[in-house]
Each structure stands twice: as structure tokens, then as C-alpha cells.
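K.L.:
Here you go, model.pdb (PDB, C-alpha atoms):
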```pdb
ATOM      1  CA  MET Y   1     122.989 108.620 105.196
ATOM      2  CA  SER Y   2     121.419 108.085 108.609
ATOM      3  CA  LYS Y   3     120.653 104.616 109.931
ATOM      4  CA  ARG Y   4     116.916 105.429 109.797
ATOM      5  CA  SER Y   5     117.011 106.527 106.138
ATOM      6  CA  ALA Y   6     119.086 103.462 105.194
ATOM      7  CA  MET Y   7     116.471 101.223 106.809
ATOM      8  CA  SER Y   8     113.667 103.137 105.131
ATOM      9  CA  ASP Y   9     115.387 102.897 101.740
ATOM     10  CA  CYS Y  10     115.767  99.129 101.991
ATOM     11  CA  CYS Y  11     112.026  98.635 102.466
ATOM     12  CA  GLU Y  12     110.499 101.135 100.044
ATOM     13  CA  ALA Y  13     109.981 100.964  96.313
ATOM     14  CA  ASN Y  14     111.445 103.829  94.305
ATOM     15  CA  ASP Y  15     108.669 106.448  94.215
ATOM     16  CA  GLU Y  16     110.103 107.839  90.987
ATOM     17  CA  ALA Y  17     109.819 104.483  89.191
ATOM     18  CA  PRO Y  18     106.836 103.889  86.917
ATOM     19  CA  ARG Y  19     103.734 102.656  88.755
ATOM     20  CA  GLN Y  20     103.414  99.791  86.245
ATOM     21  CA  GLY Y  21     105.920  97.492  84.629
ATOM     22  CA  VAL Y  22     105.542  94.932  81.859
ATOM     23  CA  CYS Y  23     106.172  91.258  82.596
ATOM     24  CA  PRO Y  24     109.116  90.151  80.451
ATOM     25  CA  VAL Y  25     107.541  86.704  79.951
ATOM     26  CA  THR Y  26     103.967  87.571  78.902
ATOM     27  CA  GLY Y  27     104.024  91.314  78.269
ATOM     28  CA  THR Y  28     101.254  91.732  80.857
ATOM     29  CA  PRO Y  29     101.260  95.091  82.676
ATOM     30  CA  GLY Y  30     101.626  94.772  86.428
ATOM     31  CA  PRO Y  31     101.557  97.186  89.371
ATOM     32  CA  ARG Y  32     104.607  98.226  91.347
ATOM     33  CA  VAL Y  33     105.017  96.402  94.669
ATOM     34  CA  ARG Y  34     106.814  97.656  97.762
ATOM     35  CA  LEU Y  35     110.103  95.976  98.617
ATOM     36  CA  ARG Y  36     108.863  95.039 102.086
ATOM     37  CA  THR Y  37     106.039  93.037 100.454
ATOM     38  CA  VAL Y  38     108.349  91.202  98.064
ATOM     39  CA  LYS Y  39     110.802  90.358 100.857
ATOM     40  CA  ALA Y  40     108.000  89.186 103.172
ATOM     41  CA  ILE Y  41     106.495  86.903 100.504
ATOM     42  CA  LEU Y  42     109.732  85.336  99.211
ATOM     43  CA  ARG Y  43     110.857  81.964 100.561
ATOM     44  CA  ASP Y  44     114.093  82.023 102.547
ATOM     45  CA  SER Y  45     116.032  80.450  99.668
ATOM     46  CA  SER Y  46     114.717  83.064  97.231
ATOM     47  CA  LEU Y  47     115.395  85.915  99.632
ATOM     48  CA  ARG Y  48     119.055  84.870  99.699
ATOM     49  CA  ARG Y  49     119.354  85.858  96.014
ATOM     50  CA  PHE Y  50     117.182  88.981  96.355
ATOM     51  CA  ARG Y  51     118.569  92.222  94.933
ATOM     52  CA  PRO Y  52     117.020  95.589  95.786
ATOM     53  CA  ALA Y  53     115.215  96.981  92.740
ATOM     54  CA  THR Y  54     111.790  98.275  91.836
ATOM     55  CA  TYR Y  55     109.538  95.230  91.621
ATOM     56  CA  TYR Y  56     106.260  94.657  89.856
ATOM     57  CA  PHE Y  57     103.562  91.995  90.241
ATOM     58  CA  CYS Y  58     102.515  89.910  87.220
ATOM     59  CA  PRO Y  59      98.740  89.274  87.464
ATOM     60  CA  GLU Y  60      98.571  87.001  84.404
ATOM     61  CA  PRO Y  61      97.076  83.665  85.588
ATOM     62  CA  THR Y  62      98.975  81.582  83.011
ATOM     63  CA  CYS Y  63     102.360  83.121  83.844
ATOM     64  CA  ASN Y  64     104.584  81.490  86.451
ATOM     65  CA  VAL Y  65     106.216  84.864  87.285
ATOM     66  CA  VAL Y  66     104.986  86.576  90.459
ATOM     67  CA  TYR Y  67     107.518  89.442  90.754
ATOM     68  CA  PHE Y  68     109.802  91.000  88.173
ATOM     69  CA  SER Y  69     112.060  94.027  87.909
ATOM     70  CA  ARG Y  70     113.201  96.097  84.967
ATOM     71  CA  GLN Y  71     116.726  94.948  85.846
ATOM     72  CA  GLY Y  72     115.813  91.337  84.990
ATOM     73  CA  GLU Y  73     115.103  89.913  88.437
ATOM     74  CA  LEU Y  74     112.333  87.287  88.312
ATOM     75  CA  TYR Y  75     110.587  85.412  91.106
ATOM     76  CA  SER Y  76     108.151  82.627  90.255
ATOM     77  CA  LYS Y  77     105.364  80.813  92.098
ATOM     78  CA  ASP Y  78     108.031  78.429  93.426
ATOM     79  CA  ASP Y  79     109.907  81.359  94.981
ATOM     80  CA  VAL Y  80     107.063  82.586  97.218
ATOM     81  CA  ARG Y  81     105.801  81.375 100.603
ATOM     82  CA  THR Y  82     102.110  81.408  99.769
ATOM     83  CA  THR Y  83      99.771  80.692  96.939
ATOM     84  CA  VAL Y  84      98.981  83.652  94.727
ATOM     85  CA  TRP Y  85      95.252  83.618  94.070
ATOM     86  CA  GLN Y  86      95.586  85.153  90.603
ATOM     87  CA  LYS Y  87      97.776  82.187  89.619
ATOM     88  CA  GLU Y  88      95.618  79.398  91.073
ATOM     89  CA  PRO Y  89      92.637  77.559  89.584
ATOM     90  CA  VAL Y  90      89.195  78.877  90.483
ATOM     91  CA  GLY Y  91      87.529  77.071  93.364
ATOM     92  CA  ALA Y  92      89.316  77.245  96.681
ATOM     93  CA  ARG Y  93      91.695  80.163  96.130
ATOM     94  CA  LEU Y  94      92.771  82.176  99.158
ATOM     95  CA  LEU Y  95      91.507  85.738  98.662
ATOM     96  CA  CYS Y  96      92.235  87.375 102.026
ATOM     97  CA  TYR Y  97      95.769  86.646 103.209
ATOM     98  CA  CYS Y  98      95.221  88.209 106.631
ATOM     99  CA  PHE Y  99      92.006  86.485 107.708
ATOM    100  CA  GLY Y 100      91.845  83.371 105.535
ATOM    101  CA  GLU Y 101      88.758  84.102 103.444
ATOM    102  CA  ASN Y 102      88.727  81.785 100.442
ATOM    103  CA  GLU Y 103      86.431  80.888  97.571
ATOM    104  CA  GLN Y 104      85.409  77.537  99.016
ATOM    105  CA  THR Y 105      84.201  78.909 102.364
ATOM    106  CA  ILE Y 106      82.484  81.852 100.681
ATOM    107  CA  ALA Y 107      80.670  79.517  98.261
ATOM    108  CA  SER Y 108      79.617  77.254 101.160
ATOM    109  CA  GLU Y 109      78.336  80.241 103.110
ATOM    110  CA  ILE Y 110      76.318  81.453 100.121
ATOM    111  CA  GLN Y 111      74.883  77.984  99.600
ATOM    112  CA  ALA Y 112      73.927  77.674 103.291
ATOM    113  CA  THR Y 113      72.609  81.196 103.940
ATOM    114  CA  GLY Y 114      71.988  82.786 100.558
ATOM    115  CA  ARG Y 115      74.747  85.328 101.088
ATOM    116  CA  SER Y 116      78.318  85.773 102.241
ATOM    117  CA  PHE Y 117      79.414  87.778 105.237
ATOM    118  CA  ALA Y 118      83.093  87.647 104.216
ATOM    119  CA  LEU Y 119      83.175  91.336 103.230
ATOM    120  CA  ASP Y 120      81.602  92.336 106.529
ATOM    121  CA  ARG Y 121      84.092  90.246 108.505
ATOM    122  CA  VAL Y 122      87.133  91.583 106.674
ATOM    123  CA  ALA Y 123      85.869  95.184 106.697
ATOM    124  CA  GLU Y 124      85.480  94.973 110.482
ATOM    125  CA  HIS Y 125      89.060  93.716 110.816
ATOM    126  CA  VAL Y 126      90.274  96.557 108.567
ATOM    127  CA  ARG Y 127      88.356  99.153 110.641
ATOM    128  CA  SER Y 128      89.898  97.686 113.779
ATOM    129  CA  GLY Y 129      93.409  98.072 112.355
ATOM    130  CA  ARG Y 130      94.134  94.335 112.206
ATOM    131  CA  CYS Y 131      94.982  93.888 108.546
ATOM    132  CA  ALA Y 132      98.533  93.504 107.263
ATOM    133  CA  CYS Y 133      97.834  93.514 103.533
ATOM    134  CA  ASP Y 134     101.012  95.409 102.776
ATOM    135  CA  VAL Y 135     103.072  92.377 103.817
ATOM    136  CA  ARG Y 136     100.710  89.373 103.606
ATOM    137  CA  ASN Y 137      99.026  89.929 100.233
ATOM    138  CA  PRO Y 138     101.474  89.199  97.383
ATOM    139  CA  ARG Y 139     100.242  92.362  95.607
ATOM    140  CA  GLY Y 140     100.805  94.384  98.783
ATOM    141  CA  VAL Y 141      97.337  95.956  98.670
ATOM    142  CA  CYS Y 142      94.036  95.535 100.473
ATOM    143  CA  CYS Y 143      92.018  92.509  99.368
ATOM    144  CA  LEU Y 144      88.557  94.088  99.746
ATOM    145  CA  GLY Y 145      88.164  94.836  96.023
ATOM    146  CA  ASP Y 146      89.171  91.295  95.058
ATOM    147  CA  LEU Y 147      86.969  89.855  97.793
ATOM    148  CA  LYS Y 148      83.960  91.906  96.669
ATOM    149  CA  ALA Y 149      84.394  90.740  93.060
ATOM    150  CA  ALA Y 150      84.755  87.099  94.167
ATOM    151  CA  VAL Y 151      81.625  87.241  96.342
ATOM    152  CA  ALA Y 152      79.635  88.732  93.439
ATOM    153  CA  ARG Y 153      80.965  86.061  91.045
ATOM    154  CA  LEU Y 154      80.233  83.232  93.489
ATOM    155  CA  ARG Y 155      76.694  84.509  94.106
ATOM    156  CA  GLU Y 156      76.000  84.363  90.373
ATOM    157  CA  GLU Y 157      77.393  80.858  89.857
ATOM    158  CA  PRO Y 158      74.833  78.064  89.631
ATOM    159  CA  ASP Y 159      74.825  75.555  92.491
TER     160      ASP Y 159
END
```
Represent the supplied structure as C-alpha cells.
P.N.:
Amino acid sequence: MSKRSAMSDCCEANDEAPRQGVCPVTGTPGPRVRLRTVKAILRDSSLRRFRPATYYFCPEPTCNVVYFSRQGELYSKDDVRTTVWQKEPVGARLLCYCFGENEQTIASEIQATGRSFALDRVAEHVRSGRCACDVRNPRGVCCLGDLKAAVARLREEPD
């Protein structure tokens, strides 16, 4: 095995593994997450016990598990460097891990101007190649869908 393929293997999820796993705590289906994302999000102490496997993200808000593997590896909210918006109470959750867009600032912007420009700001950063969702977002995916849903929800909430 070449040095390049060994490095590539350590940072990639197994493409042959199922795209979804089932959280062993809640039974909630969760999407597969790349190894580079899991390793970037884990605290140093948690990374020291990390074992390469195919990892999945548990989106269930009431579950403490963030990442799990079919081999029994579990990483909780205490094991990660950042808050995980799906696991936090509604109100001031961080939605965009690259550019800091959160519910509180979006709600304030809507209250002050009647709309939010958060999607426009983040979309411009994405077009300019500045995002790093694959390593900053605990799910390892772009936040635009989550951000769009949050803006719509916050626009509909009464003042």
C-alpha cells in the first residue's frame, strides 16, 4: 500500500458501508459521516481512544450520542469540541459552523429588518470556496438546508 493510499484510507469512510446506520441507544437512523469529520470534531481526549470504523451521526435531539459505529464505538456530546445544533435547545443554536450563523442572530435580524440575510451571506461564502463544512459541521455536510429551514421557522414564530 502506498503512503498516499494509506493516508487516504485513514480519512475516508468505507464507501461500501451502508449510507445509514441505526443508533444503538435510540434506534434512530443516522447518516454515514466521513472519518475526517469525526476526527476533526472529537476532543483530544476522545481522539486518543478513536478506532477507525464507519461512523454514523445520531440526529435524535434527546440522545446524548453524536457518533456511533456498527462495531460499538460511541461518542457523546461530551466527546466533541463543539455544540451539535440538533442536540441543543431551540433558541441560540449554532447552525453554520463555518461562519457562525445562529438562531439568536437570525431572529434578531428578522425582528429588526423583517427578513434574514443569513442564507445570502453563507451562500456567498460557499460560492467563494470558503466553507469547510466537511470538517466543521458535525454531520460533515453543508449547512444551507438546515439554515434555510431555520430561517423559515424563525420567520413564522411570533415575536
K.L.:
CA of Val66 in chain Y and CA of Gly30 in chain Y are how many Å apart?
P.N.:
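CA of Gly30 in chain Y lies at a distance of 9.7 Å from CA of Val66 in chain Y.
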K.L.:
Which residue is closest to Lys39 in chain Y? Choose from Y:Cys131, Y:Val90, Y:Ala53, Y:Leu144 and count only C-alpha atoms.
P.N.:
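For Lys39 in chain Y, the nearest of the given residues is Y:Ala53.
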K.L.:
Running the PyMOL selection byres ((chain Y and resi 147) around 10) on this model by hand, what would come out? Give it as a short mmCIF file (atom, residue, chain, number, x, y, z; two decimals) with C-alpha atoms, in the frame of the given file.
P.N.:
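The result, written out as out.cif:
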```cif
data_model
loop_
_atom_site.label_atom_id
_atom_site.label_comp_id
_atom_site.auth_asym_id
_atom_site.auth_seq_id
_atom_site.Cartn_x
_atom_site.Cartn_y
_atom_site.Cartn_z
CA LEU Y 94 92.77 82.18 99.16
CA LEU Y 95 91.51 85.74 98.66
CA CYS Y 96 92.24 87.38 102.03
CA GLU Y 101 88.76 84.10 103.44
CA ASN Y 102 88.73 81.78 100.44
CA GLU Y 103 86.43 80.89 97.57
CA ILE Y 106 82.48 81.85 100.68
CA ALA Y 118 83.09 87.65 104.22
CA LEU Y 119 83.18 91.34 103.23
CA VAL Y 122 87.13 91.58 106.67
CA CYS Y 142 94.04 95.54 100.47
CA CYS Y 143 92.02 92.51 99.37
CA LEU Y 144 88.56 94.09 99.75
CA GLY Y 145 88.16 94.84 96.02
CA ASP Y 146 89.17 91.30 95.06
CA LYS Y 148 83.96 91.91 96.67
CA ALA Y 149 84.39 90.74 93.06
CA ALA Y 150 84.76 87.10 94.17
CA VAL Y 151 81.62 87.24 96.34
CA ALA Y 152 79.64 88.73 93.44
CA ARG Y 153 80.96 86.06 91.04
#
```
K.L.:
Given the choices Y:Val22, Y:Cys58, Y:Val80, Y:Cys63, which gets closest to Arg43 in chain Y if the distance is worked out from only C-alpha atoms?
P.N.:
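With only C-alpha atoms as the atom set, the closest residue is Y:Val80.
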K.L.:
May I have the protein, DNA and RNA residues with an atom at most 12 Å from (122.7, 95.2, 87.4), counting all atoms listed in the file in the file's coordinates, returned as an mmCIF file with C-alpha atoms, in the frame of the given file?
P.N.:
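Output (point.cif):
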```
data_model
loop_
_atom_site.group_PDB
_atom_site.id
_atom_site.type_symbol
_atom_site.label_atom_id
_atom_site.label_comp_id
_atom_site.auth_asym_id
_atom_site.auth_seq_id
_atom_site.Cartn_x
_atom_site.Cartn_y
_atom_site.Cartn_z
ATOM 1 C CA ARG Y 51 118.569 92.222 94.933
ATOM 2 C CA PRO Y 52 117.020 95.589 95.786
ATOM 3 C CA ALA Y 53 115.215 96.981 92.740
ATOM 4 C CA SER Y 69 112.060 94.027 87.909
ATOM 5 C CA ARG Y 70 113.201 96.097 84.967
ATOM 6 C CA GLN Y 71 116.726 94.948 85.846
ATOM 7 C CA GLY Y 72 115.813 91.337 84.990
ATOM 8 C CA GLU Y 73 115.103 89.913 88.437
#
```
K.L.:
With a distance cut-off of 10 Å and all atoms listed in the file, select the neighbouring residues of Pro158 in chain Y, excluding the residue or stretch itself and same-chain residues fewer than 3 positions from it, and output the selection as a ChimeraX atom specification.
P.N.:
/Y:111,154-155
K.L.:
Any idea what's packed within 6 Å of Tyr67 in chain Y, counting all atoms listed in the file, ignoring anything in its chain fewer than 3 positions away? Could you give it as a ChimeraX atom specification?
P.N.:
/Y:56-57,74-75
K.L.:
To one decimal in Å, tell me the separation between CA of Gly140 in chain Y and CA of Gln104 in chain Y.
P.N.:
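Rounded to one decimal, the two atoms are 22.8 Å apart.
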K.L.:
I'd like to know which of Y:Arg136, Y:Arg19, Y:Arg48, Y:Arg36 is closest to Gly100 in chain Y, using all atoms listed in the file.
P.N.:
Y:Arg136
K.L.:
Nearest residue to Ser46 in chain Y out of Y:Arg81, Y:Pro59, Y:Arg32, Y:Val135, using all atoms listed in the file?
P.N.:
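Closest residue, counting all atoms listed in the file: Y:Arg81.
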K.L.:
So which one's closest to Leu47 in chain Y, Y:Asp134, Y:Glu16, Y:Glu124, Y:Asp79? Using only C-alpha atoms, please.
P.N.:
Y:Asp79
K.L.:
Quick one, how far is CA of Asp78 in chain Y from CA of Pro29 in chain Y?
P.N.:
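One can read the CA of Asp78 in chain Y to CA of Pro29 in chain Y distance as 21.0 Å.
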K.L.:
Determine the nearest neighbour of Pro18 in chain Y from the options Y:Ser45, Y:Thr105, Y:Thr54, Y:Ser128, counting all atoms listed in the file.
P.N.:
Y:Thr54
K.L.:
To test the calculation: enclose all listed atoms of range 84-92 of chain Y in a box whose edges run along x, y and z, add 6 Å on each side, then state centre and edge lengths in Å to one decimal, as AutoDock Vina command-line options.
P.N.:
```
--center_x 93.3 --center_y 81.1 --center_z 93.1 --size_x 23.5 --size_y 20.1 --size_z 19.1
```
K.L.:
As a list in words, please: the residues near Thr82 in chain Y (cut-off 9 Å, all atoms listed in the file, same-chain neighbours under 3 positions excluded).
P.N.:
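Final neighbour list, sorted by chain and number: Ile41, Leu42, Arg43, Lys77, Tyr97, Arg136 and Pro138 of chain Y.
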K.L.:
Because the input lacks atoms here, generate N, CA and C atoms for range 86-106 of chain Y and report them as a short mmCIF file (atom, residue, chain, number, x, y, z; two decimals), keeping the file's coordinate frame.
P.N.:
```cif
data_model
loop_
_atom_site.label_atom_id
_atom_site.label_comp_id
_atom_site.auth_asym_id
_atom_site.auth_seq_id
_atom_site.Cartn_x
_atom_site.Cartn_y
_atom_site.Cartn_z
N GLN Y 86 95.71 84.87 92.03
CA GLN Y 86 95.59 85.15 90.60
C GLN Y 86 96.20 84.03 89.76
N LYS Y 87 97.05 83.23 90.34
CA LYS Y 87 97.78 82.19 89.62
C LYS Y 87 97.21 80.79 89.88
N GLU Y 88 96.18 80.69 90.69
CA GLU Y 88 95.62 79.40 91.07
C GLU Y 88 94.30 79.14 90.35
N PRO Y 89 93.92 77.87 90.22
CA PRO Y 89 92.64 77.56 89.58
C PRO Y 89 91.46 78.03 90.44
N VAL Y 90 90.40 78.42 89.79
CA VAL Y 90 89.20 78.88 90.48
C VAL Y 90 88.65 77.73 91.33
N GLY Y 91 88.17 78.08 92.53
CA GLY Y 91 87.53 77.07 93.36
C GLY Y 91 87.78 77.26 94.84
N ALA Y 92 89.01 77.14 95.25
CA ALA Y 92 89.32 77.24 96.68
C ALA Y 92 90.43 78.26 96.93
N ARG Y 93 90.59 79.20 96.01
CA ARG Y 93 91.70 80.16 96.13
C ARG Y 93 91.57 81.01 97.39
N LEU Y 94 92.70 81.26 98.03
CA LEU Y 94 92.77 82.18 99.16
C LEU Y 94 92.67 83.59 98.62
N LEU Y 95 91.72 84.37 99.13
CA LEU Y 95 91.51 85.74 98.66
C LEU Y 95 92.00 86.77 99.67
N CYS Y 96 91.82 86.47 100.96
CA CYS Y 96 92.24 87.38 102.03
C CYS Y 96 93.37 86.71 102.79
N TYR Y 97 94.57 87.24 102.62
CA TYR Y 97 95.77 86.65 103.21
C TYR Y 97 95.89 86.93 104.70
N CYS Y 98 95.16 87.89 105.20
CA CYS Y 98 95.22 88.21 106.63
C CYS Y 98 94.25 87.36 107.45
N PHE Y 99 93.06 87.12 106.92
CA PHE Y 99 92.01 86.48 107.71
C PHE Y 99 91.46 85.20 107.09
N GLY Y 100 92.13 84.69 106.06
CA GLY Y 100 91.84 83.37 105.54
C GLY Y 100 90.57 83.19 104.73
N GLU Y 101 89.97 84.25 104.27
CA GLU Y 101 88.76 84.10 103.44
C GLU Y 101 89.15 83.49 102.11
N ASN Y 102 88.42 82.43 101.71
CA ASN Y 102 88.73 81.78 100.44
C ASN Y 102 87.44 81.46 99.70
N GLU Y 103 87.59 81.13 98.43
CA GLU Y 103 86.43 80.89 97.57
C GLU Y 103 85.56 79.74 98.08
N GLN Y 104 86.17 78.71 98.57
CA GLN Y 104 85.41 77.54 99.02
C GLN Y 104 84.51 77.88 100.20
N THR Y 105 85.03 78.58 101.20
CA THR Y 105 84.20 78.91 102.36
C THR Y 105 83.14 79.94 102.01
N ILE Y 106 83.47 80.86 101.12
CA ILE Y 106 82.48 81.85 100.68
C ILE Y 106 81.35 81.16 99.93
#
```
